[in-house]
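Below is my_file-v6.cif, which holds mmCIF, N, CA, C and O atoms.
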```cif
data_query
loop_
_atom_site.label_atom_id
_atom_site.label_comp_id
_atom_site.auth_asym_id
_atom_site.auth_seq_id
_atom_site.Cartn_x
_atom_site.Cartn_y
_atom_site.Cartn_z
N MET A 1 -117.38 9.54 -32.38
CA MET A 1 -116.85 8.98 -31.15
C MET A 1 -118.00 8.31 -30.41
O MET A 1 -119.03 8.91 -30.15
N LYS A 2 -117.84 7.05 -30.07
CA LYS A 2 -118.82 6.28 -29.33
C LYS A 2 -118.33 6.11 -27.90
O LYS A 2 -117.15 5.85 -27.66
N LEU A 3 -119.24 6.25 -26.95
CA LEU A 3 -118.90 6.17 -25.54
C LEU A 3 -119.42 4.88 -24.93
O LEU A 3 -120.50 4.41 -25.27
N ILE A 4 -118.63 4.32 -24.03
CA ILE A 4 -118.99 3.11 -23.29
C ILE A 4 -119.26 3.52 -21.85
O ILE A 4 -118.43 4.20 -21.23
N ASN A 5 -120.39 3.08 -21.31
CA ASN A 5 -120.71 3.35 -19.92
C ASN A 5 -119.85 2.45 -19.04
O ASN A 5 -119.89 1.24 -19.15
N ILE A 6 -119.06 3.06 -18.15
CA ILE A 6 -118.20 2.29 -17.25
C ILE A 6 -118.73 2.33 -15.82
O ILE A 6 -118.02 1.99 -14.88
N GLY A 7 -119.97 2.75 -15.68
CA GLY A 7 -120.62 2.72 -14.38
C GLY A 7 -120.85 4.07 -13.76
O GLY A 7 -120.02 4.96 -13.88
N TYR A 8 -122.03 4.21 -13.12
CA TYR A 8 -122.38 5.39 -12.34
C TYR A 8 -122.29 6.68 -13.15
O TYR A 8 -121.85 7.70 -12.66
N GLY A 9 -122.68 6.61 -14.41
CA GLY A 9 -122.72 7.79 -15.26
C GLY A 9 -121.41 8.17 -15.92
O GLY A 9 -121.36 9.14 -16.66
N SER A 10 -120.37 7.41 -15.69
CA SER A 10 -119.07 7.69 -16.31
C SER A 10 -118.98 7.01 -17.67
O SER A 10 -119.45 5.88 -17.83
N MET A 11 -118.36 7.68 -18.62
CA MET A 11 -118.23 7.16 -19.98
C MET A 11 -116.78 7.25 -20.44
O MET A 11 -116.05 8.14 -20.02
N VAL A 12 -116.41 6.33 -21.33
CA VAL A 12 -115.07 6.32 -21.93
C VAL A 12 -115.25 6.14 -23.43
O VAL A 12 -116.10 5.37 -23.87
N SER A 13 -114.43 6.81 -24.21
CA SER A 13 -114.47 6.66 -25.65
C SER A 13 -114.00 5.27 -26.05
O SER A 13 -112.90 4.85 -25.69
N SER A 14 -114.83 4.56 -26.78
CA SER A 14 -114.49 3.20 -27.18
C SER A 14 -113.32 3.17 -28.16
O SER A 14 -112.63 2.16 -28.26
N GLU A 15 -113.08 4.27 -28.83
CA GLU A 15 -112.00 4.33 -29.81
C GLU A 15 -110.62 4.35 -29.16
O GLU A 15 -109.63 4.06 -29.82
N HIS A 16 -110.56 4.69 -27.89
CA HIS A 16 -109.27 4.85 -27.21
C HIS A 16 -108.95 3.72 -26.24
O HIS A 16 -107.91 3.76 -25.59
N LEU A 17 -109.82 2.73 -26.13
CA LEU A 17 -109.58 1.61 -25.23
C LEU A 17 -108.52 0.68 -25.79
O LEU A 17 -108.53 0.34 -26.97
N ILE A 18 -107.62 0.27 -24.92
CA ILE A 18 -106.65 -0.75 -25.29
C ILE A 18 -106.98 -2.05 -24.57
O ILE A 18 -106.99 -3.12 -25.18
N ALA A 19 -107.28 -1.96 -23.26
CA ALA A 19 -107.55 -3.17 -22.49
C ALA A 19 -108.48 -2.86 -21.33
O ALA A 19 -108.47 -1.76 -20.79
N VAL A 20 -109.27 -3.88 -20.96
CA VAL A 20 -110.10 -3.84 -19.76
C VAL A 20 -109.73 -5.10 -18.98
O VAL A 20 -109.96 -6.21 -19.44
N ILE A 21 -109.13 -4.90 -17.81
CA ILE A 21 -108.58 -6.03 -17.04
C ILE A 21 -108.99 -5.94 -15.58
O ILE A 21 -109.42 -4.90 -15.10
N GLY A 22 -108.85 -7.05 -14.89
CA GLY A 22 -109.12 -7.09 -13.46
C GLY A 22 -107.96 -6.49 -12.66
O GLY A 22 -106.83 -6.47 -13.14
N PRO A 23 -108.21 -6.03 -11.44
CA PRO A 23 -107.19 -5.32 -10.67
C PRO A 23 -106.37 -6.21 -9.73
O PRO A 23 -105.57 -5.70 -8.96
N GLU A 24 -106.52 -7.53 -9.79
CA GLU A 24 -105.96 -8.40 -8.77
C GLU A 24 -104.46 -8.65 -8.85
O GLU A 24 -103.80 -8.80 -7.84
N SER A 25 -103.91 -8.71 -10.04
CA SER A 25 -102.51 -9.14 -10.19
C SER A 25 -101.51 -8.05 -9.81
O SER A 25 -101.81 -6.85 -9.86
N ALA A 26 -100.33 -8.48 -9.45
CA ALA A 26 -99.26 -7.55 -9.05
C ALA A 26 -98.87 -6.59 -10.20
O ALA A 26 -98.68 -5.40 -9.95
N PRO A 27 -98.76 -7.07 -11.45
CA PRO A 27 -98.42 -6.13 -12.52
C PRO A 27 -99.47 -5.03 -12.72
O PRO A 27 -99.13 -3.89 -13.00
N VAL A 28 -100.74 -5.37 -12.56
CA VAL A 28 -101.80 -4.37 -12.71
C VAL A 28 -101.73 -3.37 -11.55
O VAL A 28 -101.89 -2.17 -11.76
N LYS A 29 -101.47 -3.86 -10.37
CA LYS A 29 -101.31 -2.96 -9.22
C LYS A 29 -100.15 -2.00 -9.44
O LYS A 29 -100.21 -0.83 -9.08
N ARG A 30 -99.09 -2.49 -10.07
CA ARG A 30 -97.94 -1.65 -10.40
C ARG A 30 -98.33 -0.59 -11.43
O ARG A 30 -97.92 0.58 -11.33
N ILE A 31 -99.11 -0.97 -12.42
CA ILE A 31 -99.58 -0.02 -13.43
C ILE A 31 -100.39 1.08 -12.78
O ILE A 31 -100.24 2.26 -13.09
N ILE A 32 -101.26 0.70 -11.84
CA ILE A 32 -102.09 1.69 -11.13
C ILE A 32 -101.21 2.65 -10.33
O ILE A 32 -101.41 3.87 -10.38
N THR A 33 -100.23 2.11 -9.62
CA THR A 33 -99.33 2.95 -8.81
C THR A 33 -98.53 3.91 -9.69
O THR A 33 -98.40 5.10 -9.37
N GLU A 34 -98.03 3.43 -10.82
CA GLU A 34 -97.26 4.28 -11.73
C GLU A 34 -98.14 5.36 -12.35
O GLU A 34 -97.71 6.51 -12.51
N ALA A 35 -99.38 5.01 -12.71
CA ALA A 35 -100.29 6.01 -13.28
C ALA A 35 -100.65 7.08 -12.25
O ALA A 35 -100.74 8.26 -12.58
N ARG A 36 -100.84 6.67 -11.00
CA ARG A 36 -101.13 7.64 -9.94
C ARG A 36 -99.96 8.62 -9.78
O ARG A 36 -100.16 9.83 -9.69
N ALA A 37 -98.74 8.09 -9.79
CA ALA A 37 -97.55 8.94 -9.64
C ALA A 37 -97.39 9.89 -10.83
O ALA A 37 -96.92 11.02 -10.66
N ALA A 38 -97.78 9.45 -12.01
CA ALA A 38 -97.64 10.27 -13.22
C ALA A 38 -98.83 11.21 -13.43
O ALA A 38 -98.84 12.00 -14.38
N GLY A 39 -99.83 11.11 -12.57
CA GLY A 39 -101.02 11.96 -12.73
C GLY A 39 -101.93 11.50 -13.86
O GLY A 39 -102.70 12.29 -14.40
N LYS A 40 -101.87 10.22 -14.20
CA LYS A 40 -102.68 9.70 -15.30
C LYS A 40 -103.71 8.67 -14.83
O LYS A 40 -104.21 7.89 -15.63
N LEU A 41 -104.03 8.70 -13.54
CA LEU A 41 -105.02 7.78 -12.99
C LEU A 41 -106.35 8.51 -12.85
O LEU A 41 -106.41 9.61 -12.30
N ILE A 42 -107.40 7.88 -13.35
CA ILE A 42 -108.75 8.43 -13.21
C ILE A 42 -109.57 7.41 -12.42
O ILE A 42 -109.74 6.27 -12.84
N ASP A 43 -110.05 7.84 -11.26
CA ASP A 43 -110.83 6.95 -10.39
C ASP A 43 -112.30 7.21 -10.62
O ASP A 43 -112.86 8.21 -10.18
N ALA A 44 -112.96 6.29 -11.33
CA ALA A 44 -114.38 6.41 -11.62
C ALA A 44 -115.20 5.42 -10.79
O ALA A 44 -116.28 5.01 -11.19
N THR A 45 -114.68 5.03 -9.62
CA THR A 45 -115.37 4.05 -8.78
C THR A 45 -116.38 4.68 -7.85
O THR A 45 -117.22 3.98 -7.30
N TYR A 46 -116.29 5.97 -7.64
CA TYR A 46 -117.20 6.68 -6.72
C TYR A 46 -117.18 6.06 -5.34
O TYR A 46 -118.21 5.87 -4.71
N GLY A 47 -115.98 5.71 -4.87
CA GLY A 47 -115.82 5.17 -3.53
C GLY A 47 -116.11 3.70 -3.38
O GLY A 47 -116.00 3.15 -2.29
N ARG A 48 -116.46 3.05 -4.45
CA ARG A 48 -116.75 1.62 -4.40
C ARG A 48 -115.49 0.81 -4.69
O ARG A 48 -114.47 1.36 -5.07
N ARG A 49 -115.60 -0.48 -4.53
CA ARG A 49 -114.47 -1.37 -4.79
C ARG A 49 -114.11 -1.38 -6.27
O ARG A 49 -114.99 -1.45 -7.14
N THR A 50 -112.82 -1.34 -6.58
CA THR A 50 -112.35 -1.39 -7.97
C THR A 50 -112.49 -2.81 -8.49
O THR A 50 -111.94 -3.75 -7.92
N ARG A 51 -113.23 -2.97 -9.58
CA ARG A 51 -113.43 -4.29 -10.16
C ARG A 51 -112.82 -4.40 -11.55
O ARG A 51 -112.64 -5.50 -12.06
N SER A 52 -112.51 -3.26 -12.19
CA SER A 52 -111.85 -3.33 -13.49
C SER A 52 -110.94 -2.13 -13.67
O SER A 52 -111.15 -1.07 -13.10
N VAL A 53 -109.91 -2.36 -14.47
CA VAL A 53 -108.92 -1.35 -14.79
C VAL A 53 -108.93 -1.20 -16.30
O VAL A 53 -108.79 -2.18 -17.03
N ILE A 54 -109.09 0.03 -16.76
CA ILE A 54 -109.17 0.31 -18.19
C ILE A 54 -107.90 1.05 -18.60
O ILE A 54 -107.55 2.06 -18.01
N ILE A 55 -107.23 0.52 -19.60
CA ILE A 55 -106.02 1.14 -20.13
C ILE A 55 -106.39 1.81 -21.46
O ILE A 55 -107.04 1.20 -22.30
N THR A 56 -105.95 3.06 -21.64
CA THR A 56 -106.25 3.79 -22.88
C THR A 56 -104.99 4.01 -23.69
O THR A 56 -103.87 3.84 -23.18
N ASP A 57 -105.17 4.43 -24.93
CA ASP A 57 -104.03 4.66 -25.81
C ASP A 57 -103.23 5.90 -25.43
O ASP A 57 -102.12 6.10 -25.92
N SER A 58 -103.75 6.73 -24.54
CA SER A 58 -103.02 7.91 -24.08
C SER A 58 -102.29 7.64 -22.76
O SER A 58 -101.86 8.56 -22.08
N ASP A 59 -102.16 6.36 -22.40
CA ASP A 59 -101.52 5.90 -21.16
C ASP A 59 -102.28 6.29 -19.91
O ASP A 59 -101.72 6.25 -18.82
N HIS A 60 -103.53 6.68 -20.03
CA HIS A 60 -104.35 6.92 -18.85
C HIS A 60 -104.87 5.58 -18.35
O HIS A 60 -105.11 4.66 -19.14
N VAL A 61 -105.02 5.48 -17.04
CA VAL A 61 -105.55 4.29 -16.40
C VAL A 61 -106.82 4.70 -15.69
O VAL A 61 -106.81 5.64 -14.89
N ILE A 62 -107.91 4.01 -15.97
CA ILE A 62 -109.21 4.36 -15.41
C ILE A 62 -109.68 3.20 -14.54
O ILE A 62 -109.69 2.05 -14.99
N LEU A 63 -110.07 3.50 -13.31
CA LEU A 63 -110.60 2.50 -12.40
C LEU A 63 -112.12 2.53 -12.45
O LEU A 63 -112.71 3.61 -12.42
N SER A 64 -112.73 1.37 -12.53
CA SER A 64 -114.19 1.28 -12.59
C SER A 64 -114.69 0.28 -11.55
O SER A 64 -113.99 -0.68 -11.21
N ALA A 65 -115.91 0.49 -11.09
CA ALA A 65 -116.51 -0.39 -10.09
C ALA A 65 -117.36 -1.49 -10.71
O ALA A 65 -118.01 -2.24 -9.99
N ILE A 66 -117.37 -1.61 -12.03
CA ILE A 66 -118.12 -2.70 -12.65
C ILE A 66 -117.14 -3.72 -13.24
O ILE A 66 -115.99 -3.40 -13.51
N MET A 67 -117.62 -4.93 -13.41
CA MET A 67 -116.77 -6.04 -13.83
C MET A 67 -116.27 -5.87 -15.27
O MET A 67 -116.98 -5.31 -16.11
N PRO A 68 -115.05 -6.37 -15.55
CA PRO A 68 -114.54 -6.30 -16.92
C PRO A 68 -115.45 -6.99 -17.94
O PRO A 68 -115.59 -6.52 -19.06
N ASP A 69 -116.10 -8.08 -17.53
CA ASP A 69 -117.02 -8.78 -18.44
C ASP A 69 -118.17 -7.88 -18.86
O ASP A 69 -118.61 -7.91 -20.02
N THR A 70 -118.67 -7.08 -17.93
CA THR A 70 -119.78 -6.18 -18.23
C THR A 70 -119.36 -5.11 -19.22
O THR A 70 -120.08 -4.82 -20.19
N ILE A 71 -118.18 -4.55 -19.02
CA ILE A 71 -117.67 -3.53 -19.94
C ILE A 71 -117.44 -4.17 -21.31
O ILE A 71 -117.78 -3.59 -22.35
N GLY A 72 -116.89 -5.38 -21.32
CA GLY A 72 -116.66 -6.08 -22.58
C GLY A 72 -117.96 -6.37 -23.32
O GLY A 72 -118.02 -6.23 -24.54
N THR A 73 -118.99 -6.73 -22.59
CA THR A 73 -120.30 -6.99 -23.20
C THR A 73 -120.86 -5.71 -23.82
O THR A 73 -121.40 -5.74 -24.93
N ARG A 74 -120.73 -4.60 -23.11
CA ARG A 74 -121.21 -3.32 -23.64
C ARG A 74 -120.44 -2.92 -24.89
O ARG A 74 -121.01 -2.42 -25.86
N LEU A 75 -119.14 -3.15 -24.87
CA LEU A 75 -118.31 -2.83 -26.03
C LEU A 75 -118.67 -3.75 -27.20
O LEU A 75 -118.81 -3.29 -28.33
N ASP A 76 -118.86 -5.02 -26.92
CA ASP A 76 -119.22 -5.98 -27.97
C ASP A 76 -120.58 -5.67 -28.57
O ASP A 76 -120.78 -5.82 -29.77
N ALA A 77 -121.52 -5.21 -27.73
CA ALA A 77 -122.84 -4.85 -28.23
C ALA A 77 -122.76 -3.70 -29.22
O ALA A 77 -123.43 -3.71 -30.26
N GLN A 78 -121.91 -2.71 -28.94
CA GLN A 78 -121.74 -1.60 -29.87
C GLN A 78 -121.06 -2.07 -31.14
O GLN A 78 -121.42 -1.66 -32.24
N TYR A 79 -120.07 -2.95 -31.02
CA TYR A 79 -119.36 -3.47 -32.18
C TYR A 79 -120.30 -4.29 -33.07
O TYR A 79 -120.32 -4.14 -34.28
N SER A 80 -121.11 -5.14 -32.44
CA SER A 80 -122.05 -5.99 -33.18
C SER A 80 -123.11 -5.16 -33.89
O SER A 80 -123.57 -5.52 -34.97
N ALA A 81 -123.51 -4.06 -33.27
CA ALA A 81 -124.53 -3.19 -33.86
C ALA A 81 -123.96 -2.33 -34.98
O ALA A 81 -124.69 -1.59 -35.63
N GLY A 82 -122.65 -2.42 -35.20
CA GLY A 82 -122.02 -1.64 -36.25
C GLY A 82 -121.78 -0.19 -35.87
O GLY A 82 -121.43 0.63 -36.71
N GLU A 83 -121.93 0.13 -34.58
CA GLU A 83 -121.72 1.51 -34.14
C GLU A 83 -120.24 1.86 -34.11
O GLU A 83 -119.86 3.00 -34.27
N ILE A 84 -119.40 0.85 -33.87
CA ILE A 84 -117.96 1.06 -33.92
C ILE A 84 -117.36 -0.05 -34.75
O ILE A 84 -117.91 -1.14 -34.87
N GLY A 85 -116.22 0.23 -35.34
CA GLY A 85 -115.55 -0.79 -36.13
C GLY A 85 -114.06 -0.62 -36.02
O GLY A 85 -113.56 0.49 -35.99
N TRP A 86 -113.37 -1.72 -35.89
CA TRP A 86 -111.93 -1.67 -35.82
C TRP A 86 -111.36 -2.06 -37.18
O TRP A 86 -111.86 -2.98 -37.84
N GLU A 87 -110.31 -1.38 -37.57
CA GLU A 87 -109.69 -1.69 -38.84
C GLU A 87 -108.93 -3.00 -38.71
O GLU A 87 -108.22 -3.23 -37.75
N ASP A 88 -109.09 -3.85 -39.68
CA ASP A 88 -108.40 -5.11 -39.72
C ASP A 88 -107.16 -4.93 -40.58
O ASP A 88 -107.26 -4.82 -41.79
N GLU A 89 -105.99 -4.94 -39.94
CA GLU A 89 -104.75 -4.68 -40.66
C GLU A 89 -104.45 -5.76 -41.69
O GLU A 89 -103.80 -5.52 -42.69
N ASP A 90 -104.96 -6.98 -41.46
CA ASP A 90 -104.70 -8.06 -42.41
C ASP A 90 -105.43 -7.86 -43.73
O ASP A 90 -105.01 -8.37 -44.75
N ASN A 91 -106.55 -7.12 -43.72
CA ASN A 91 -107.35 -6.95 -44.91
C ASN A 91 -107.12 -5.62 -45.63
O ASN A 91 -107.82 -5.30 -46.56
N GLU A 92 -106.14 -4.84 -45.16
CA GLU A 92 -105.87 -3.56 -45.82
C GLU A 92 -105.22 -3.82 -47.18
O GLU A 92 -104.41 -4.72 -47.35
N GLN A 93 -105.59 -3.00 -48.15
CA GLN A 93 -105.00 -3.18 -49.49
C GLN A 93 -104.41 -1.90 -49.98
O GLN A 93 -104.76 -0.84 -49.70
#
```
Please re-express this file's structure in C-alpha coordinates.
Amino acid sequence: MKLINIGYGSMVSSEHLIAVIGPESAPVKRIITEARAAGKLIDATYGRRTRSVIITDSDHVILSAIMPDTIGTRLDAQYSAGEIGWEDEDNEQ
(Lines of atoms letter the chains of each structure in order from A and count residues from 1; the text may use other names and numbers.)
(Lines give C-alpha, C1' and ligand atoms only; values in the text may rest on other atoms or scores of the structure.)
Protein backbone atom coordinates (compact mmCIF):
# COMPACT_ATOMS: atom_id res chain seq x y z
CA MET A 1 0.00 0.00 0.00
CA LYS A 2 1.44 3.36 -1.06
CA LEU A 3 0.34 6.56 0.65
CA ILE A 4 -0.11 9.99 -0.90
CA ASN A 5 0.46 13.07 1.24
CA ILE A 6 -2.69 15.21 1.09
CA GLY A 7 -1.32 17.95 3.30
CA TYR A 8 -0.40 18.69 6.90
CA GLY A 9 0.70 15.14 7.65
CA SER A 10 -2.43 13.43 6.35
CA MET A 11 -2.06 10.48 3.99
CA VAL A 12 -4.42 8.54 1.71
CA SER A 13 -3.85 5.14 0.13
CA SER A 14 -3.19 5.65 -3.56
CA GLU A 15 -4.79 2.30 -4.33
CA HIS A 16 -8.21 3.51 -3.20
CA LEU A 17 -8.37 6.88 -4.99
CA ILE A 18 -11.02 7.33 -7.63
CA ALA A 19 -10.91 11.09 -8.19
CA VAL A 20 -9.31 14.30 -6.98
CA ILE A 21 -11.48 17.29 -7.87
CA GLY A 22 -12.02 20.92 -6.98
CA PRO A 23 -14.81 21.85 -4.53
CA GLU A 24 -16.42 24.69 -6.51
CA SER A 25 -19.21 23.06 -8.51
CA ALA A 26 -22.73 22.40 -7.25
CA PRO A 27 -22.52 18.61 -7.85
CA VAL A 28 -19.35 18.38 -5.75
CA LYS A 29 -20.96 20.42 -2.99
CA ARG A 30 -23.86 17.96 -3.09
CA ILE A 31 -21.44 15.02 -2.81
CA ILE A 32 -19.86 16.65 0.25
CA THR A 33 -23.27 17.25 1.88
CA GLU A 34 -24.39 13.66 1.23
CA ALA A 35 -21.12 12.24 2.59
CA ARG A 36 -21.44 14.37 5.73
CA ALA A 37 -24.99 13.08 6.28
CA ALA A 38 -23.86 9.47 5.74
CA GLY A 39 -20.89 9.83 8.10
CA LYS A 40 -18.40 9.27 5.28
CA LEU A 41 -16.80 12.72 5.19
CA ILE A 42 -13.22 13.11 6.38
CA ASP A 43 -12.06 16.70 6.87
CA ALA A 44 -8.27 16.82 6.53
CA THR A 45 -8.10 20.61 6.03
CA TYR A 46 -7.13 21.40 9.64
CA GLY A 47 -9.36 24.48 9.57
CA ARG A 48 -8.03 25.80 6.30
CA ARG A 49 -9.92 26.45 3.09
CA THR A 50 -10.94 23.32 1.15
CA ARG A 51 -9.10 23.25 -2.16
CA SER A 52 -9.61 19.64 -3.22
CA VAL A 53 -12.09 16.85 -2.72
CA ILE A 54 -10.88 13.25 -2.85
CA ILE A 55 -13.31 10.46 -3.69
CA THR A 56 -12.37 6.90 -2.67
CA ASP A 57 -13.61 3.50 -3.74
CA SER A 58 -15.28 3.02 -0.33
CA ASP A 59 -17.50 6.09 -0.98
CA HIS A 60 -15.58 8.16 1.55
CA VAL A 61 -15.07 11.81 0.68
CA ILE A 62 -11.90 13.49 1.94
CA LEU A 63 -11.42 17.26 2.05
CA SER A 64 -7.90 18.60 1.62
CA ALA A 65 -6.39 22.07 1.83
CA ILE A 66 -3.95 21.53 -1.04
CA MET A 67 -4.70 21.94 -4.73
CA PRO A 68 -5.85 18.98 -6.86
CA ASP A 69 -2.90 19.59 -9.21
CA THR A 70 -0.47 19.11 -6.33
CA ILE A 71 -2.07 15.83 -5.28
CA GLY A 72 -2.09 14.71 -8.92
CA THR A 73 1.60 15.54 -9.27
CA ARG A 74 2.43 13.53 -6.14
CA LEU A 75 0.39 10.61 -7.43
CA ASP A 76 2.00 10.83 -10.87
CA ALA A 77 5.47 10.92 -9.30
CA GLN A 78 4.77 7.64 -7.50
CA TYR A 79 3.32 6.11 -10.67
CA SER A 80 6.31 7.22 -12.77
CA ALA A 81 8.73 5.84 -10.20
CA GLY A 82 7.02 2.46 -10.50
CA GLU A 83 5.92 2.53 -6.86
CA ILE A 84 2.30 2.03 -7.89
CA GLY A 85 0.80 0.56 -11.01
CA TRP A 86 -2.69 0.39 -12.33
CA GLU A 87 -3.89 -2.64 -14.22
CA ASP A 88 -4.66 -1.92 -17.84
CA GLU A 89 -7.86 -3.81 -18.64
CA ASP A 90 -7.20 -3.54 -22.38
CA ASN A 91 -3.96 -5.52 -22.07
CA GLU A 92 -5.25 -8.37 -19.89
CA GLN A 93 -4.95 -11.79 -21.47
Problem - Hits of the PyMOL selection byres ((chain A and resi 49) around 6) in this structure, as a ChimeraX atom specification - result: /A:45,47-48,50-52,64-66
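Evaluating the PyMOL selection byres (((chain A and resi 71-78 and name CA) around 9) and name CA) against the shown model yields Lys2, Ile4, Asn5, Ile6, Gly7, Ser14, Val20, Ser52, Ile66, Met67, Pro68, Asp69, Thr70, Tyr79, Ser80, Ala81, Gly82, Glu83, Ile84 and Gly85 of chain A.
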Practice task
Please provide the set of residues having any atom within 8 Å of Ile42 (chain A), restricted to all atoms listed in the file, with same-chain residues fewer than 3 positions apart removed, written as a PyMOL selection string.
Solution key: chain A and resi 32+35-36+39+45+52-54+60-64
Exercise for the section: Would you please give, as a ChimeraX atom specification, all residues of chain A that DSSP assigns to helix (DSSP H, G or I) based on the backbone? Expected result: /A:14-16,26-38,68-80,89-91
Fill in the blank from the handout: Computed gap from atom C of Ser13 (chain A) to atom O of Met1 (chain A) is 7.4 Å
Exercise for the section: Calculate how many Å separate CA of Ala26 (chain A) from CA of Ala38 (chain A), rounding to one decimal. Expected result: 18.4 Å
Completion exercise
atom N of Leu3 (chain A) to atom C of Glu15 (chain A) measures 9.1 Å
Problem - strand (DSSP E or B) call set, DSSP backbone run, chain A, as a ChimeraX atom specification - result: /A:3-7,10-13,17-21,41-44,52-56,61-64
For those residues, write N, CA, C and O atoms to a file as a CSV table (one decimal), in the frame of the given file.
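Wrote it out as selection_30.csv, contents follow:
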```csv
chain,number,residue,atom,x,y,z
A,3,LEU,N,-119.2,6.2,-27.0
A,3,LEU,CA,-118.9,6.2,-25.5
A,3,LEU,C,-119.4,4.9,-24.9
A,3,LEU,O,-120.5,4.4,-25.3
A,4,ILE,N,-118.6,4.3,-24.0
A,4,ILE,CA,-119.0,3.1,-23.3
A,4,ILE,C,-119.3,3.5,-21.8
A,4,ILE,O,-118.4,4.2,-21.2
A,5,ASN,N,-120.4,3.1,-21.3
A,5,ASN,CA,-120.7,3.4,-19.9
A,5,ASN,C,-119.8,2.4,-19.0
A,5,ASN,O,-119.9,1.2,-19.2
A,6,ILE,N,-119.1,3.1,-18.2
A,6,ILE,CA,-118.2,2.3,-17.2
A,6,ILE,C,-118.7,2.3,-15.8
A,6,ILE,O,-118.0,2.0,-14.9
A,7,GLY,N,-120.0,2.8,-15.7
A,7,GLY,CA,-120.6,2.7,-14.4
A,7,GLY,C,-120.8,4.1,-13.8
A,7,GLY,O,-120.0,5.0,-13.9
A,10,SER,N,-120.4,7.4,-15.7
A,10,SER,CA,-119.1,7.7,-16.3
A,10,SER,C,-119.0,7.0,-17.7
A,10,SER,O,-119.4,5.9,-17.8
A,11,MET,N,-118.4,7.7,-18.6
A,11,MET,CA,-118.2,7.2,-20.0
A,11,MET,C,-116.8,7.2,-20.4
A,11,MET,O,-116.0,8.1,-20.0
A,12,VAL,N,-116.4,6.3,-21.3
A,12,VAL,CA,-115.1,6.3,-21.9
A,12,VAL,C,-115.2,6.1,-23.4
A,12,VAL,O,-116.1,5.4,-23.9
A,13,SER,N,-114.4,6.8,-24.2
A,13,SER,CA,-114.5,6.7,-25.6
A,13,SER,C,-114.0,5.3,-26.0
A,13,SER,O,-112.9,4.8,-25.7
A,17,LEU,N,-109.8,2.7,-26.1
A,17,LEU,CA,-109.6,1.6,-25.2
A,17,LEU,C,-108.5,0.7,-25.8
A,17,LEU,O,-108.5,0.3,-27.0
A,18,ILE,N,-107.6,0.3,-24.9
A,18,ILE,CA,-106.6,-0.8,-25.3
A,18,ILE,C,-107.0,-2.0,-24.6
A,18,ILE,O,-107.0,-3.1,-25.2
A,19,ALA,N,-107.3,-2.0,-23.3
A,19,ALA,CA,-107.6,-3.2,-22.5
A,19,ALA,C,-108.5,-2.9,-21.3
A,19,ALA,O,-108.5,-1.8,-20.8
A,20,VAL,N,-109.3,-3.9,-21.0
A,20,VAL,CA,-110.1,-3.8,-19.8
A,20,VAL,C,-109.7,-5.1,-19.0
A,20,VAL,O,-110.0,-6.2,-19.4
A,21,ILE,N,-109.1,-4.9,-17.8
A,21,ILE,CA,-108.6,-6.0,-17.0
A,21,ILE,C,-109.0,-5.9,-15.6
A,21,ILE,O,-109.4,-4.9,-15.1
A,41,LEU,N,-104.0,8.7,-13.5
A,41,LEU,CA,-105.0,7.8,-13.0
A,41,LEU,C,-106.4,8.5,-12.8
A,41,LEU,O,-106.4,9.6,-12.3
A,42,ILE,N,-107.4,7.9,-13.4
A,42,ILE,CA,-108.8,8.4,-13.2
A,42,ILE,C,-109.6,7.4,-12.4
A,42,ILE,O,-109.7,6.3,-12.8
A,43,ASP,N,-110.0,7.8,-11.3
A,43,ASP,CA,-110.8,7.0,-10.4
A,43,ASP,C,-112.3,7.2,-10.6
A,43,ASP,O,-112.9,8.2,-10.2
A,44,ALA,N,-113.0,6.3,-11.3
A,44,ALA,CA,-114.4,6.4,-11.6
A,44,ALA,C,-115.2,5.4,-10.8
A,44,ALA,O,-116.3,5.0,-11.2
A,52,SER,N,-112.5,-3.3,-12.2
A,52,SER,CA,-111.8,-3.3,-13.5
A,52,SER,C,-110.9,-2.1,-13.7
A,52,SER,O,-111.2,-1.1,-13.1
A,53,VAL,N,-109.9,-2.4,-14.5
A,53,VAL,CA,-108.9,-1.4,-14.8
A,53,VAL,C,-108.9,-1.2,-16.3
A,53,VAL,O,-108.8,-2.2,-17.0
A,54,ILE,N,-109.1,0.0,-16.8
A,54,ILE,CA,-109.2,0.3,-18.2
A,54,ILE,C,-107.9,1.0,-18.6
A,54,ILE,O,-107.6,2.1,-18.0
A,55,ILE,N,-107.2,0.5,-19.6
A,55,ILE,CA,-106.0,1.1,-20.1
A,55,ILE,C,-106.4,1.8,-21.5
A,55,ILE,O,-107.0,1.2,-22.3
A,56,THR,N,-106.0,3.1,-21.6
A,56,THR,CA,-106.2,3.8,-22.9
A,56,THR,C,-105.0,4.0,-23.7
A,56,THR,O,-103.9,3.8,-23.2
A,61,VAL,N,-105.0,5.5,-17.0
A,61,VAL,CA,-105.6,4.3,-16.4
A,61,VAL,C,-106.8,4.7,-15.7
A,61,VAL,O,-106.8,5.6,-14.9
A,62,ILE,N,-107.9,4.0,-16.0
A,62,ILE,CA,-109.2,4.4,-15.4
A,62,ILE,C,-109.7,3.2,-14.5
A,62,ILE,O,-109.7,2.0,-15.0
A,63,LEU,N,-110.1,3.5,-13.3
A,63,LEU,CA,-110.6,2.5,-12.4
A,63,LEU,C,-112.1,2.5,-12.4
A,63,LEU,O,-112.7,3.6,-12.4
A,64,SER,N,-112.7,1.4,-12.5
A,64,SER,CA,-114.2,1.3,-12.6
A,64,SER,C,-114.7,0.3,-11.6
A,64,SER,O,-114.0,-0.7,-11.2
```
Exercise for the section: Counting all atoms listed in the file, figure out which residue out of A:Leu41, A:Val12, A:Val28, A:Ala19 gets nearest to Asp59 (chain A). Expected result: A:Leu41
